[in-house]
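Remarks on the structure that follows.
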Amino acid sequence: MNVSAHICLRRIISSTQYTKMIPIICDQVLKSKSAMCRRRAAEYIELIFQVWDTSIINKNLSILENSIKSGINDADSDTRTFSRKTFWLFNDQFLKTQKI
């Protein structure tokens, strides 16, 4: 069941750009006590940065930034790995364009 739900959520995130999903996913990284939930949520945030349009991500940038910071400092090594990858995607899409 866990794997099926994970595959389904990955498909939904890559097929749609539903912005109301972002606060729910970010809330899992920030507040969940389960390492698996934080890991999966960090993976979904990475997928959002890979697939979604930057104008849609820009609307929820502050909560995404807080989630990345929290994920980088997480106790779980996989969550930290996904958050580091997400940080570099965030850096490429937003921070480098602001320096110009």
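Chain lettering (A, B, ...) mirrors the order of the structure tokens, residue numbering begins at 1 for each chain separately, and ligand numbering begins at 1 in order of display.
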Near Pro23 in chain A, within 9 Å and counting only C-alpha atoms, which residues show up once chain neighbours fewer than 5 positions away are dropped, as a ChimeraX atom specification? /A:28,60,63-64
Picked from chain A by DSSP as helix (DSSP H, G or I), as a ChimeraX atom specification: /A:2-15,21-31,35-51,54-58,61-72,77-98
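In this comparison, which uses only C-alpha atoms, the residue of A:Ile13, A:Leu30, A:Ile7, A:Ile25 approaching Gly71 in chain A most closely is A:Leu30.
Shortest atom-to-atom contact with Ser55 in chain A among A:Lys33, A:Ser70, A:Asp27, A:Gln93: A:Gln93, counting only C-alpha atoms.
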Nearby residues (only C-alpha atoms) at most 9 Å from range 46-51 of chain A, same-chain spacing under 2 positions excluded, as a list in words: Arg10, Ile13, Ser14, Ser15, Gln17, Ile22, Ala41, Ala42, Glu43, Tyr44, Asp53, Thr54, Ile57, Phe82, Ser83, Lys85, Thr86, Phe87, Leu89, Phe90 and Gln93 of chain A
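Closest to Arg80 in chain A among A:Ala5, A:Leu61, A:Ile24, A:Ile68 is A:Ile68, based on only C-alpha atoms.
Using only C-alpha atoms, the shortest contact distance between Thr16 in chain A and any of A:Leu95, A:Ile56, A:Asn66, A:Thr81 is found at A:Ile56.
For Asn2 in chain A, the list of residues within 12 Å, based on only C-alpha atoms and with local chain neighbours fewer than 2 positions off taken out, reads Ser4, Ala5, His6, Ile7, Cys8, Leu9, Met36, Cys37 and Arg40 of chain A.
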Could you write those residues out with all heavy atoms, as a CSV table (one decimal), in the first residue's frame?
chain,number,residue,atom,x,y,z
A,4,SER,N,2.4,1.8,-3.4
A,4,SER,CA,1.3,2.3,-4.4
A,4,SER,C,1.0,3.7,-4.2
A,4,SER,O,0.8,4.5,-5.2
A,4,SER,CB,0.1,1.4,-4.2
A,4,SER,OG,0.4,0.0,-4.4
A,5,ALA,N,0.8,4.1,-2.9
A,5,ALA,CA,0.5,5.5,-2.7
A,5,ALA,C,1.6,6.5,-3.1
A,5,ALA,O,1.4,7.5,-3.6
A,5,ALA,CB,0.2,5.7,-1.2
A,6,HIS,N,2.8,6.0,-2.9
A,6,HIS,CA,4.0,6.8,-3.3
A,6,HIS,C,4.1,7.0,-4.8
A,6,HIS,O,4.3,8.1,-5.3
A,6,HIS,CB,5.3,6.2,-2.8
A,6,HIS,CG,6.5,6.8,-3.2
A,6,HIS,ND1,6.9,8.1,-2.9
A,6,HIS,CD2,7.6,6.3,-4.0
A,6,HIS,CE1,8.0,8.4,-3.4
A,6,HIS,NE2,8.5,7.3,-4.1
A,7,ILE,N,3.8,5.9,-5.5
A,7,ILE,CA,3.8,6.0,-7.0
A,7,ILE,C,2.7,6.9,-7.5
A,7,ILE,O,2.9,7.7,-8.4
A,7,ILE,CB,3.8,4.6,-7.6
A,7,ILE,CG1,5.0,3.8,-7.3
A,7,ILE,CG2,3.5,4.7,-9.1
A,7,ILE,CD1,5.0,2.3,-7.6
A,8,CYS,N,1.5,6.8,-6.8
A,8,CYS,CA,0.4,7.6,-7.2
A,8,CYS,C,0.7,9.1,-7.0
A,8,CYS,O,0.4,9.9,-7.8
A,8,CYS,CB,-0.8,7.1,-6.4
A,8,CYS,SG,-2.3,8.0,-6.8
A,9,LEU,N,1.2,9.4,-5.8
A,9,LEU,CA,1.5,10.8,-5.5
A,9,LEU,C,2.6,11.4,-6.5
A,9,LEU,O,2.5,12.5,-6.9
A,9,LEU,CB,2.0,11.0,-4.1
A,9,LEU,CG,0.9,11.0,-3.1
A,9,LEU,CD1,1.4,10.9,-1.6
A,9,LEU,CD2,0.0,12.2,-3.2
A,36,MET,N,9.9,8.5,7.6
A,36,MET,CA,9.4,8.2,6.3
A,36,MET,C,8.6,9.3,5.6
A,36,MET,O,8.7,9.6,4.4
A,36,MET,CB,8.6,6.8,6.3
A,36,MET,CG,8.1,6.4,5.0
A,36,MET,SD,9.4,6.1,3.7
A,36,MET,CE,10.0,4.5,4.3
A,37,CYS,N,7.7,9.9,6.4
A,37,CYS,CA,6.9,10.9,5.9
A,37,CYS,C,7.7,12.1,5.5
A,37,CYS,O,7.5,12.7,4.4
A,37,CYS,CB,5.8,11.4,6.9
A,37,CYS,SG,4.5,10.2,7.1
A,40,ARG,N,9.6,11.2,2.2
A,40,ARG,CA,8.8,11.2,1.0
A,40,ARG,C,8.4,12.6,0.6
A,40,ARG,O,8.4,13.0,-0.5
A,40,ARG,CB,7.5,10.4,1.3
A,40,ARG,CG,7.7,8.9,1.5
A,40,ARG,CD,8.2,8.2,0.2
A,40,ARG,NE,8.0,6.8,0.4
A,40,ARG,CZ,8.7,5.9,-0.3
A,40,ARG,NH1,9.6,6.3,-1.2
A,40,ARG,NH2,8.6,4.6,-0.1
Enter the distance from CA of Lys59 in chain A to CA of Asp78 in chain A, in Å, rounded to one decimal.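 Between these atoms lies a distance of 26.8 Å.
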If I take CA of Arg84 in chain A and CA of Tyr18 in chain A, how far is one from the other in Å, to one decimal? 23.7 Å
Distance of CA of Arg11 in chain A from CA of Asp92 in chain A, expressed in Å to one decimal place: 23.9 Å
